[in-house]
$ cat start.pdb   # PDB, C-alpha atoms and all ligand atoms
ATOM      1  CA  MET A   1       0.000   0.000   0.000
ATOM      2  CA  GLY A   2       1.200   3.532  -0.762
ATOM      3  CA  GLU A   3       1.318   5.472   2.484
ATOM      4  CA  VAL A   4       1.577   9.239   2.766
ATOM      5  CA  PHE A   5       3.245  11.129   5.614
ATOM      6  CA  ALA A   6       3.539  14.869   6.192
ATOM      7  CA  ILE A   7       5.505  17.271   8.362
ATOM      8  CA  ASN A   8       4.832  20.970   8.651
ATOM      9  CA  ILE A   9       8.173  22.781   8.805
ATOM     10  CA  ASN A  10       6.756  25.490  11.067
ATOM     11  CA  GLU A  11       6.719  23.118  14.019
ATOM     12  CA  SER A  12       9.517  24.604  16.057
ATOM     13  CA  ILE A  13      12.418  22.596  17.370
ATOM     14  CA  ASN A  14      15.315  24.010  19.343
ATOM     15  CA  ASP A  15      18.871  24.366  18.124
ATOM     16  CA  SER A  16      20.121  21.279  19.924
ATOM     17  CA  GLN A  17      17.392  19.189  18.293
ATOM     18  CA  PHE A  18      18.299  20.664  14.892
ATOM     19  CA  GLN A  19      21.987  19.881  15.480
ATOM     20  CA  TYR A  20      21.039  16.349  16.528
ATOM     21  CA  LEU A  21      19.192  15.822  13.261
ATOM     22  CA  LEU A  22      22.226  17.102  11.351
ATOM     23  CA  SER A  23      24.399  14.604  13.219
ATOM     24  CA  ILE A  24      22.427  11.528  12.136
ATOM     25  CA  ILE A  25      22.430  12.073   8.371
ATOM     26  CA  THR A  26      25.195  11.400   5.847
ATOM     27  CA  GLU A  27      28.012  13.878   5.358
ATOM     28  CA  ASN A  28      26.825  14.567   1.806
ATOM     29  CA  LYS A  29      23.309  15.360   2.966
ATOM     30  CA  ARG A  30      24.701  17.524   5.771
ATOM     31  CA  ASP A  31      26.729  19.521   3.243
ATOM     32  CA  GLN A  32      23.648  19.898   1.033
ATOM     33  CA  VAL A  33      21.586  21.134   4.000
ATOM     34  CA  LYS A  34      24.289  23.534   5.202
ATOM     35  CA  ASN A  35      24.774  25.009   1.735
ATOM     36  CA  PHE A  36      21.259  26.385   1.488
ATOM     37  CA  LEU A  37      21.044  30.148   1.788
ATOM     38  CA  PHE A  38      17.618  30.071   3.435
ATOM     39  CA  LEU A  39      16.730  28.162   6.603
ATOM     40  CA  LYS A  40      13.408  26.955   5.160
ATOM     41  CA  ASP A  41      15.173  25.255   2.238
ATOM     42  CA  ALA A  42      17.537  23.583   4.699
ATOM     43  CA  GLN A  43      14.620  22.478   6.889
ATOM     44  CA  ARG A  44      12.699  20.971   3.970
ATOM     45  CA  THR A  45      15.627  18.870   2.791
ATOM     46  CA  LEU A  46      16.725  17.887   6.305
ATOM     47  CA  TYR A  47      13.236  16.928   7.478
ATOM     48  CA  GLY A  48      12.556  14.906   4.319
ATOM     49  CA  ASP A  49      15.697  12.859   4.931
ATOM     50  CA  ILE A  50      14.804  12.440   8.615
ATOM     51  CA  MET A  51      11.255  11.343   7.835
ATOM     52  CA  ILE A  52      12.497   8.603   5.533
ATOM     53  CA  ARG A  53      15.020   7.471   8.150
ATOM     54  CA  TYR A  54      12.305   7.344  10.790
ATOM     55  CA  LEU A  55       9.865   5.451   8.547
ATOM     56  CA  ALA A  56      12.490   3.020   7.249
ATOM     57  CA  CYS A  57      13.663   2.245  10.800
ATOM     58  CA  GLN A  58      10.095   1.602  11.908
ATOM     59  CA  LYS A  59       9.082  -0.520   8.953
ATOM     60  CA  LEU A  60      12.302  -2.478   8.460
ATOM     61  CA  LYS A  61      13.041  -2.794  12.189
ATOM     62  CA  ILE A  62      16.594  -1.604  11.801
ATOM     63  CA  ASN A  63      18.642   1.279  13.204
ATOM     64  CA  ASN A  64      19.322   4.571  11.533
ATOM     65  CA  GLU A  65      23.073   3.812  11.411
ATOM     66  CA  GLN A  66      22.329   0.718   9.312
ATOM     67  CA  LEU A  67      20.489   2.570   6.565
ATOM     68  CA  VAL A  68      22.361   2.837   3.270
ATOM     69  CA  PHE A  69      21.050   5.115   0.548
ATOM     70  CA  PHE A  70      21.946   5.269  -3.106
ATOM     71  CA  HIS A  71      20.695   7.369  -6.033
ATOM     72  CA  ASN A  72      19.869   6.493  -9.609
ATOM     73  CA  GLU A  73      21.640   8.370 -12.417
ATOM     74  CA  PHE A  74      19.034  11.181 -12.219
ATOM     75  CA  GLY A  75      19.259  11.595  -8.447
ATOM     76  CA  LYS A  76      16.242   9.574  -7.235
ATOM     77  CA  PRO A  77      17.088   8.175  -3.792
ATOM     78  CA  TYR A  78      16.632   4.520  -2.824
ATOM     79  CA  LEU A  79      17.475   2.360   0.151
ATOM     80  CA  LEU A  80      19.921  -0.509  -0.250
ATOM     81  CA  ASN A  81      18.647  -2.344   2.837
ATOM     82  CA  SER A  82      15.448  -3.737   1.353
ATOM     83  CA  SER A  83      14.095  -4.576  -2.093
ATOM     84  CA  GLU A  84      10.618  -3.980  -0.701
ATOM     85  CA  PHE A  85      10.953  -0.446   0.562
ATOM     86  CA  TYR A  86      10.395   2.315  -1.963
ATOM     87  CA  PHE A  87       9.934   5.933  -1.089
ATOM     88  CA  ASN A  88       9.818   9.410  -2.511
ATOM     89  CA  ILE A  89       9.946  12.902  -1.033
ATOM     90  CA  SER A  90       8.465  16.206  -2.132
ATOM     91  CA  HIS A  91       8.453  19.589  -0.452
ATOM     92  CA  SER A  92       6.817  22.906  -1.081
ATOM     93  CA  GLU A  93       6.715  25.947   1.186
ATOM     94  CA  ASP A  94       5.429  24.730   4.603
ATOM     95  CA  TRP A  95       5.144  21.031   3.855
ATOM     96  CA  VAL A  96       7.401  18.032   3.462
ATOM     97  CA  ILE A  97       5.728  14.883   2.157
ATOM     98  CA  CYS A  98       7.114  11.345   2.130
ATOM     99  CA  VAL A  99       5.442   8.393   0.463
ATOM    100  CA  VAL A 100       6.469   4.794   1.107
ATOM    101  CA  SER A 101       5.427   1.593  -0.609
ATOM    102  CA  LYS A 102       6.579  -1.938  -1.376
ATOM    103  CA  LYS A 103       6.696  -0.894  -5.029
ATOM    104  CA  GLU A 104       8.069   2.047  -6.993
ATOM    105  CA  ILE A 105       6.315   5.329  -6.133
ATOM    106  CA  GLY A 106       6.479   9.073  -6.806
ATOM    107  CA  VAL A 107       5.000  12.152  -5.140
ATOM    108  CA  ASP A 108       4.674  15.840  -5.816
ATOM    109  CA  ILE A 109       3.315  18.680  -3.715
ATOM    110  CA  GLU A 110       3.008  22.244  -4.958
ATOM    111  CA  LYS A 111       1.732  25.399  -3.359
ATOM    112  CA  ILE A 112      -1.006  26.892  -5.514
ATOM    113  CA  LYS A 113       0.027  30.229  -6.988
ATOM    114  CA  PRO A 114      -1.280  32.449  -9.779
ATOM    115  CA  ILE A 115      -0.522  30.769 -13.090
ATOM    116  CA  ASP A 116       0.709  31.778 -16.482
ATOM    117  CA  LEU A 117      -1.191  29.804 -19.108
ATOM    118  CA  GLY A 118       1.826  30.226 -21.376
ATOM    119  CA  ILE A 119       3.691  27.771 -19.133
ATOM    120  CA  ALA A 120       0.979  25.164 -19.667
ATOM    121  CA  LYS A 121       1.052  25.784 -23.410
ATOM    122  CA  ARG A 122       4.800  25.354 -23.435
ATOM    123  CA  PHE A 123       5.157  22.343 -21.145
ATOM    124  CA  PHE A 124       1.902  20.379 -21.129
ATOM    125  CA  SER A 125       0.860  18.005 -23.900
ATOM    126  CA  LYS A 126      -1.698  19.261 -26.436
ATOM    127  CA  ASN A 127      -4.554  17.314 -24.804
ATOM    128  CA  GLU A 128      -3.655  18.506 -21.312
ATOM    129  CA  TYR A 129      -3.531  22.120 -22.501
ATOM    130  CA  GLU A 130      -6.890  21.774 -24.252
ATOM    131  CA  ASN A 131      -8.378  20.182 -21.151
ATOM    132  CA  LEU A 132      -7.125  23.118 -19.085
ATOM    133  CA  LEU A 133      -8.571  25.683 -21.506
ATOM    134  CA  SER A 134     -11.943  23.903 -21.432
ATOM    135  CA  MET A 135     -12.280  24.516 -17.690
ATOM    136  CA  PRO A 136     -14.325  27.486 -16.396
ATOM    137  CA  ASP A 137     -12.031  30.401 -15.520
ATOM    138  CA  ASN A 138     -12.445  29.936 -11.743
ATOM    139  CA  MET A 139     -11.269  26.334 -12.002
ATOM    140  CA  LYS A 140      -8.267  26.812 -14.279
ATOM    141  CA  VAL A 141      -5.732  27.353 -11.501
ATOM    142  CA  ASN A 142      -6.841  24.201  -9.709
ATOM    143  CA  ARG A 143      -6.751  22.128 -12.874
ATOM    144  CA  PHE A 144      -3.310  23.522 -13.747
ATOM    145  CA  PHE A 145      -1.899  22.327 -10.417
ATOM    146  CA  ASP A 146      -3.762  19.005 -10.656
ATOM    147  CA  LEU A 147      -2.069  18.375 -13.989
ATOM    148  CA  TRP A 148       1.278  19.760 -12.837
ATOM    149  CA  THR A 149       1.517  17.635  -9.690
ATOM    150  CA  LEU A 150       0.193  14.521 -11.436
ATOM    151  CA  LYS A 151       2.772  14.916 -14.207
ATOM    152  CA  GLU A 152       5.511  15.518 -11.692
ATOM    153  CA  SER A 153       4.430  12.525  -9.560
ATOM    154  CA  TYR A 154       4.730  10.378 -12.694
ATOM    155  CA  ILE A 155       8.186  11.815 -13.508
ATOM    156  CA  LYS A 156       9.240  11.198  -9.923
ATOM    157  CA  TYR A 157       7.847   7.668 -10.015
ATOM    158  CA  LYS A 158       9.949   7.070 -13.141
ATOM    159  CA  GLY A 159      12.934   8.732 -11.481
ATOM    160  CA  THR A 160      14.086  10.262 -14.756
ATOM    161  CA  GLY A 161      13.870  13.928 -13.777
ATOM    162  CA  LEU A 162      13.451  16.280 -16.688
ATOM    163  CA  SER A 163      15.379  13.986 -19.033
ATOM    164  CA  MET A 164      11.879  12.813 -19.981
ATOM    165  CA  PRO A 165      10.139  15.540 -22.026
ATOM    166  CA  LEU A 166       7.043  16.844 -20.232
ATOM    167  CA  ASP A 167       4.932  16.538 -23.384
ATOM    168  CA  SER A 168       5.976  12.922 -24.030
ATOM    169  CA  PHE A 169       3.091  11.671 -21.893
ATOM    170  CA  CYS A 170      -0.366  12.917 -21.103
ATOM    171  CA  MET A 171      -2.411  12.967 -17.905
ATOM    172  CA  SER A 172      -6.090  12.355 -18.340
ATOM    173  CA  ILE A 173      -8.599  13.395 -15.652
ATOM    174  CA  ASP A 174     -12.210  12.449 -16.289
ATOM    175  CA  ASP A 175     -15.233  10.751 -14.720
ATOM    176  CA  TYR A 176     -13.437   7.396 -14.861
ATOM    177  CA  GLY A 177     -10.547   8.681 -12.784
ATOM    178  CA  ILE A 178      -6.944   9.673 -13.392
ATOM    179  CA  ARG A 179      -4.627   7.869 -15.780
ATOM    180  CA  VAL A 180      -1.440   8.458 -17.699
ATOM    181  CA  ILE A 181      -1.256   7.944 -21.434
ATOM    182  CA  SER A 182       2.313   6.944 -22.210
ATOM    183  CA  ASN A 183       4.478   4.174 -23.624
ATOM    184  CA  ASP A 184       4.625   2.625 -20.168
ATOM    185  CA  LYS A 185       3.768  -1.080 -20.092
ATOM    186  CA  LYS A 186       3.037  -0.976 -16.354
ATOM    187  CA  HIS A 187      -0.430  -0.249 -15.052
ATOM    188  CA  LEU A 188      -0.057   2.802 -12.824
ATOM    189  CA  PHE A 189      -2.372   4.320 -10.264
ATOM    190  CA  PHE A 190      -2.766   7.913  -9.142
ATOM    191  CA  LYS A 191      -4.248   9.483  -6.052
ATOM    192  CA  GLN A 192      -4.654  13.061  -4.944
ATOM    193  CA  TYR A 193      -4.888  14.106  -1.318
ATOM    194  CA  SER A 194      -6.272  17.265   0.274
ATOM    195  CA  LEU A 195      -3.653  18.461   2.695
ATOM    196  CA  ASP A 196      -4.057  22.165   3.041
ATOM    197  CA  LYS A 197      -6.283  24.244   0.861
ATOM    198  CA  GLY A 198      -3.424  26.163  -0.681
ATOM    199  CA  TYR A 199      -1.660  23.056  -1.973
ATOM    200  CA  LYS A 200      -2.036  20.193  -4.450
ATOM    201  CA  LEU A 201      -0.626  16.788  -3.677
ATOM    202  CA  SER A 202      -0.470  13.867  -6.134
ATOM    203  CA  VAL A 203       0.950  10.360  -5.842
ATOM    204  CA  CYS A 204       1.796   7.872  -8.617
ATOM    205  CA  SER A 205       2.233   4.209  -7.719
ATOM    206  CA  GLU A 206       2.401   0.686  -9.105
ATOM    207  CA  GLU A 207       0.110  -0.332  -6.273
ATOM    208  CA  ASN A 208      -3.624   0.185  -6.534
ATOM    209  CA  GLU A 209      -4.003   0.599  -2.798
ATOM    210  CA  PHE A 210      -3.312   3.916  -1.069
ATOM    211  CA  SER A 211      -3.718   4.983   2.533
ATOM    212  CA  LYS A 212      -7.029   6.763   2.902
ATOM    213  CA  ASN A 213      -5.558   9.680   4.802
ATOM    214  CA  ILE A 214      -2.290  11.492   5.224
ATOM    215  CA  ARG A 215      -0.468  10.707   8.477
ATOM    216  CA  TYR A 216       0.859  13.855  10.080
ATOM    217  CA  LEU A 217       4.120  13.323  11.913
ATOM    218  CA  ASN A 218       5.242  15.380  14.845
ATOM    219  CA  LEU A 219       8.902  16.267  14.447
ATOM    220  CA  LYS A 220       9.613  16.161  18.189
ATOM    221  CA  ASN A 221       8.189  12.618  18.409
ATOM    222  CA  VAL A 222      10.268  11.592  15.412
ATOM    223  CA  ILE A 223      13.396  12.968  17.124
ATOM    224  CA  GLN A 224      12.540  11.184  20.351
ATOM    225  CA  SER A 225      12.016   7.883  18.557
ATOM    226  CA  LEU A 226      15.333   8.172  16.676
ATOM    227  CA  ARG A 227      17.167   9.104  19.881
ATOM    228  CA  LEU A 228      15.649   6.210  21.845
ATOM    229  CA  GLN A 229      16.504   3.760  19.138
ATOM    230  CA  SER A 230      20.156   4.815  19.030
ATOM    231  CA  THR A 231      20.573   4.701  22.833
ATOM    232  CA  SER A 232      18.914   1.264  23.042
ATOM    233  CA  THR A 233      21.682  -0.188  20.875
ATOM    234  CA  LEU A 234      24.621   1.309  22.808
TER     235      LEU A 234
HETATM  236  C1  LIG B   1      14.369  17.019  -9.026
HETATM  237  C2  LIG B   1      13.002  16.663  -9.510
HETATM  238  C3  LIG B   1      12.875  15.207  -9.394
HETATM  239  C4  LIG B   1      11.874  17.264  -8.647
HETATM  240  O1  LIG B   1      12.116  18.545  -8.330
HETATM  241  P1  LIG B   1      11.131  19.462  -7.507
HETATM  242  O2  LIG B   1       9.730  19.368  -7.994
HETATM  243  O3  LIG B   1      11.757  20.792  -7.533
HETATM  244  O4  LIG B   1      11.249  18.944  -6.008
HETATM  245  P2  LIG B   1      10.366  18.044  -5.047
HETATM  246  O5  LIG B   1      10.259  18.800  -3.796
HETATM  247  O6  LIG B   1       9.090  17.529  -5.609
HETATM  248  O7  LIG B   1      11.292  16.756  -4.823
HETATM  249  C5  LIG B   1      12.570  16.849  -4.313
HETATM  250  C6  LIG B   1      12.980  15.471  -3.816
HETATM  251  O8  LIG B   1      12.813  14.495  -4.835
HETATM  252  C7  LIG B   1      13.812  13.484  -4.680
HETATM  253  N1  LIG B   1      14.454  13.332  -5.975
HETATM  254  C8  LIG B   1      15.629  13.864  -6.438
HETATM  255  N2  LIG B   1      15.833  13.464  -7.715
HETATM  256  C9  LIG B   1      14.780  12.682  -8.048
HETATM  257  C10 LIG B   1      14.437  11.962  -9.227
HETATM  258  N3  LIG B   1      15.198  11.954 -10.327
HETATM  259  N4  LIG B   1      13.263  11.265  -9.237
HETATM  260  C11 LIG B   1      12.470  11.229  -8.155
HETATM  261  N5  LIG B   1      12.756  11.879  -6.996
HETATM  262  C12 LIG B   1      13.890  12.603  -6.954
HETATM  263  C13 LIG B   1      14.756  13.930  -3.582
HETATM  264  O9  LIG B   1      14.394  13.239  -2.398
HETATM  265  C14 LIG B   1      14.445  15.408  -3.465
HETATM  266  O10 LIG B   1      14.602  15.863  -2.144
HETATM  267  P3  LIG B   1      15.817  16.861  -1.755
HETATM  268  O11 LIG B   1      15.848  17.920  -2.818
HETATM  269  O12 LIG B   1      15.435  17.397  -0.419
HETATM  270  O13 LIG B   1      17.038  16.012  -1.737
HETATM  271  C15 LIG B   1      12.871  16.957 -11.015
HETATM  272  O14 LIG B   1      11.799  16.197 -11.534
HETATM  273  C16 LIG B   1      12.701  18.348 -11.437
HETATM  274  O15 LIG B   1      13.616  19.131 -11.464
HETATM  275  N6  LIG B   1      11.525  18.734 -11.827
HETATM  276  C17 LIG B   1      11.281  20.096 -12.262
HETATM  277  C18 LIG B   1       9.901  20.522 -11.989
HETATM  278  C19 LIG B   1       9.110  20.733 -13.250
HETATM  279  O16 LIG B   1       9.443  21.517 -14.121
HETATM  280  N7  LIG B   1       7.962  20.030 -13.352
HETATM  281  C20 LIG B   1       7.061  20.175 -14.429
HETATM  282  C21 LIG B   1       5.774  19.399 -14.119
HETATM  283  S1  LIG B   1       4.610  19.711 -15.395
END

$ encode --input "start.pdb" --output "structure tokens"
Amino acid sequence: MGEVFAININESINDSQFQYLLSIITENKRDQVKNFLFLKDAQRTLYGDIMIRYLACQKLKINNEQLVFFHNEFGKPYLLNSSEFYFNISHSEDWVICVVSKKEIGVDIEKIKPIDLGIAKRFFSKNEYENLLSMPDNMKVNRFFDLWTLKESYIKYKGTGLSMPLDSFCMSIDDYGIRVISNDKKHLFFKQYSLDKGYKLSVCSEENEFSKNIRYLNLKNVIQSLRLQSTSTL
């Protein structure tokens, strides 16, 4: 089953908790986090990494120190410890989202902002653009971000980044549901979640089953659980 977890970055933690989190990630990730100019960017990347560590430890019953990550050639992260633990991370403004599944999965969250239809014309497929134009004016922004996050969730499922042209596949949203029209042989499933009214959140998975709701994680509890687990193995 595809499961969805969320953390709001505005939950405050103190400096020693922040430093603790920095101390339990890889050196590469630490460098990436420290190189951000803005604290919020650092928080989003750090918390995403921590969420996956917490979830992997819980589900695989192993310790944080045992987790080994690798990336595909386009940067999609995976865990070496299990062939049955797939995950993906997405962050936008106040939210960090992690999805986990026994099969390949992708997620995208975007904060809804005013749109430029020229972007859709340029990047969406012809059918997607026409679908967007057919919407009443007051629904265009919503449909734009539905299509955007669904497309991105598919790209993130594939793990190819933007090496796959955005108009090489087409998202279809109709009364029968959501599907992707592409050369993919696999049957894929999509689900959208309502998280916060200013955001769109879409998931693409090989599994037909998704958690009904988002599980909101409390960062302080996550920290406590990771701390306990490391002291219990001393
Ligand atoms: C990097 C990319 C995978 C997603 O970028 P994004 O939308 O800016 O970022 P998100 O917050 O959704 O996801 C970032 C996370 O995805 C993961 N990720 C990185 N490379 C990935 C890849 N190739 N595939 C899947 N996930 C990837 C990482 O965990 C990353 O977290 P980190 O930056 O904290 O390390 C890539 O697809 C991209 O650059 N997309 C551009 C967005 C775009 O133009 N979309 C058009 C949709 S119509």

$ residues_near_ligand --input "start.pdb" --ligand "ligand LIG 1 (chain B)" --cutoff "7 Å" --atoms "only C-alpha atoms and all ligand atoms" --output "PyMOL selection string"
chain A and resi 44-46+48+74-77+88-92+106-109+123-124+147-149+151-152+155-162+166

$ residues_near_point --input "start.pdb" --point "(-2.6, 14.4, -21.2)" --cutoff "6 Å" --atoms "only C-alpha atoms" --output "MDAnalysis selection string"
chainID A and resid 125 127:128 170:172

$ resolve_selection --input "start.pdb" --expression "the PyMOL selection byres (((chain A and resi 138-144) around 10) and not hetatm)" --output "ChimeraX atom specification"
/A:112-117,119-120,124,128-129,131-137,145-150,173,198-200

$ closest_residue --input "start.pdb" --among "A:Tyr176, A:Ala6, A:Asn64, A:Ser83" --to "Ser225 of chain A" --atoms "all atoms listed in the file"
A:Asn64

$ resolve_selection --input "start.pdb" --expression "the PyMOL selection byres (((chain A and resi 9) around 9) and not hetatm)" --output "list in words"
Ile7, Asn8, Asn10, Glu11, Ser12, Lys40, Gln43, Arg44, Tyr47, Glu93, Asp94, Trp95, Val96 and Leu219 of chain A

$ residues_near_point --input "start.pdb" --point "(-1.9, 1.6, -15.8)" --cutoff "10 Å" --atoms "all atoms listed in the file" --output "list of chain:residue names"
A:Ile178, A:Arg179, A:Val180, A:Ile181, A:Ser182, A:Asp184, A:Lys185, A:Lys186, A:His187, A:Leu188, A:Phe189, A:Phe190, A:Ser205, A:Glu206, A:Glu207, A:Asn208

$ atom_distance --input "start.pdb" --atom1 "atom CA of Arg30 of chain A" --atom2 "atom CA of Ser16 of chain A"
15.3 Å

$ atom_distance --input "start.pdb" --atom1 "atom CA of Lys212 of chain A" --atom2 "atom CA of Leu67 of chain A"
28.1 Å

$ closest_residue --input "start.pdb" --among "A:Asp167, A:Lys121, A:Glu65, A:Asn35" --to "Arg53 of chain A" --atoms "all atoms listed in the file"
A:Glu65

$ atom_distance --input "start.pdb" --atom1 "atom CA of Gln19 of chain A" --atom2 "atom CA of Leu80 of chain A"
25.8 Å

$ axis_aligned_box --input "start.pdb" --around "segment 27-37 of chain A" --padding-each-side "5 Å" --output "JSON"
{"center_x": 24.5, "center_y": 22.0, "center_z": 3.4, "size_x": 17.0, "size_y": 26.3, "size_z": 14.7}

$ resolve_selection --input "start.pdb" --expression "the PyMOL selection byres (((chain A and resi 84) around 7) and not hetatm)" --output "ChimeraX atom specification"
/A:82-83,85-86,102-103

$ write_last_selection --input "start.pdb" --atoms "C-alpha atoms" --output "mmCIF file, keeping the file's coordinate frame"
data_model
loop_
_atom_site.group_PDB
_atom_site.id
_atom_site.type_symbol
_atom_site.label_atom_id
_atom_site.label_comp_id
_atom_site.auth_asym_id
_atom_site.auth_seq_id
_atom_site.Cartn_x
_atom_site.Cartn_y
_atom_site.Cartn_z
ATOM 1 C CA SER A 82 15.448 -3.737 1.353
ATOM 2 C CA SER A 83 14.095 -4.576 -2.093
ATOM 3 C CA PHE A 85 10.953 -0.446 0.562
ATOM 4 C CA TYR A 86 10.395 2.315 -1.963
ATOM 5 C CA LYS A 102 6.579 -1.938 -1.376
ATOM 6 C CA LYS A 103 6.696 -0.894 -5.029
#

$ closest_residue --input "start.pdb" --among "A:Gln32, A:Ser153, A:Ser163, A:Gln224" --to "Gln17 of chain A" --atoms "only C-alpha atoms"
A:Gln224

$ residues_around --input "start.pdb" --residues "Ile223 of chain A" --least-positions-apart "2" --cutoff "12 Å" --atoms "all atoms listed in the file" --output "list in words"
Ile13, Asn14, Ser16, Gln17, Phe18, Gln19, Tyr20, Leu21, Leu22, Ser23, Ile24, Tyr47, Ile50, Met51, Arg53, Tyr54, Leu55, Asn64, Leu217, Asn218, Leu219, Lys220, Asn221, Ser225, Leu226, Arg227, Leu228, Gln229 and Ser230 of chain A

$ closest_residue --input "start.pdb" --among "A:Leu37, A:Leu79, A:Leu195, A:Cys204" --to "Val99 of chain A" --atoms "only C-alpha atoms"
A:Cys204

$ residues_around --input "start.pdb" --residues "Asn213 of chain A" --least-positions-apart "4" --cutoff "9 Å" --atoms "all atoms listed in the file" --output "list of chain:residue names"
A:Glu3, A:Val4, A:Phe5, A:Tyr193, A:Ser194

$ build_atoms --input "start.pdb" --residues "segment 74-87 of chain A" --atoms "N, CA, C and O atoms" --output "short mmCIF file (atom, residue, chain, number, x, y, z; two decimals), in the coordinates of the input"
data_model
loop_
_atom_site.label_atom_id
_atom_site.label_comp_id
_atom_site.auth_asym_id
_atom_site.auth_seq_id
_atom_site.Cartn_x
_atom_site.Cartn_y
_atom_site.Cartn_z
N PHE A 74 19.69 9.87 -12.18
CA PHE A 74 19.03 11.18 -12.22
C PHE A 74 18.79 11.73 -10.81
O PHE A 74 18.05 12.69 -10.63
N GLY A 75 19.34 11.06 -9.81
CA GLY A 75 19.26 11.60 -8.45
C GLY A 75 18.15 11.04 -7.58
O GLY A 75 18.01 11.45 -6.42
N LYS A 76 17.33 10.09 -8.09
CA LYS A 76 16.24 9.57 -7.24
C LYS A 76 16.83 8.68 -6.14
O LYS A 76 17.56 7.74 -6.42
N PRO A 77 16.51 8.97 -4.89
CA PRO A 77 17.09 8.18 -3.79
C PRO A 77 16.35 6.85 -3.54
O PRO A 77 15.13 6.77 -3.68
N TYR A 78 17.14 5.85 -3.18
CA TYR A 78 16.63 4.52 -2.82
C TYR A 78 17.38 4.03 -1.59
O TYR A 78 18.46 4.54 -1.26
N LEU A 79 16.82 2.98 -0.99
CA LEU A 79 17.48 2.36 0.15
C LEU A 79 18.03 1.01 -0.27
O LEU A 79 17.34 0.23 -0.93
N LEU A 80 19.27 0.75 0.12
CA LEU A 80 19.92 -0.51 -0.25
C LEU A 80 19.46 -1.66 0.65
O LEU A 80 19.56 -2.83 0.29
N ASN A 81 18.93 -1.30 1.83
CA ASN A 81 18.65 -2.34 2.84
C ASN A 81 17.52 -3.30 2.50
O ASN A 81 17.46 -4.39 3.03
N SER A 82 16.60 -2.88 1.63
CA SER A 82 15.45 -3.74 1.35
C SER A 82 14.99 -3.55 -0.09
O SER A 82 14.96 -2.43 -0.59
N SER A 83 14.62 -4.68 -0.72
CA SER A 83 14.10 -4.58 -2.09
C SER A 83 12.59 -4.33 -2.04
O SER A 83 11.92 -4.26 -3.06
N GLU A 84 12.06 -4.20 -0.83
CA GLU A 84 10.62 -3.98 -0.70
C GLU A 84 10.32 -2.69 0.04
O GLU A 84 9.31 -2.58 0.74
N PHE A 85 11.22 -1.75 -0.07
CA PHE A 85 10.95 -0.45 0.56
C PHE A 85 11.27 0.64 -0.46
O PHE A 85 12.43 0.92 -0.76
N TYR A 86 10.24 1.21 -1.02
CA TYR A 86 10.40 2.32 -1.96
C TYR A 86 9.85 3.57 -1.31
O TYR A 86 8.90 3.50 -0.52
N PHE A 87 10.42 4.68 -1.66
CA PHE A 87 9.93 5.93 -1.09
C PHE A 87 10.17 7.08 -2.06
O PHE A 87 10.94 6.94 -3.02
#
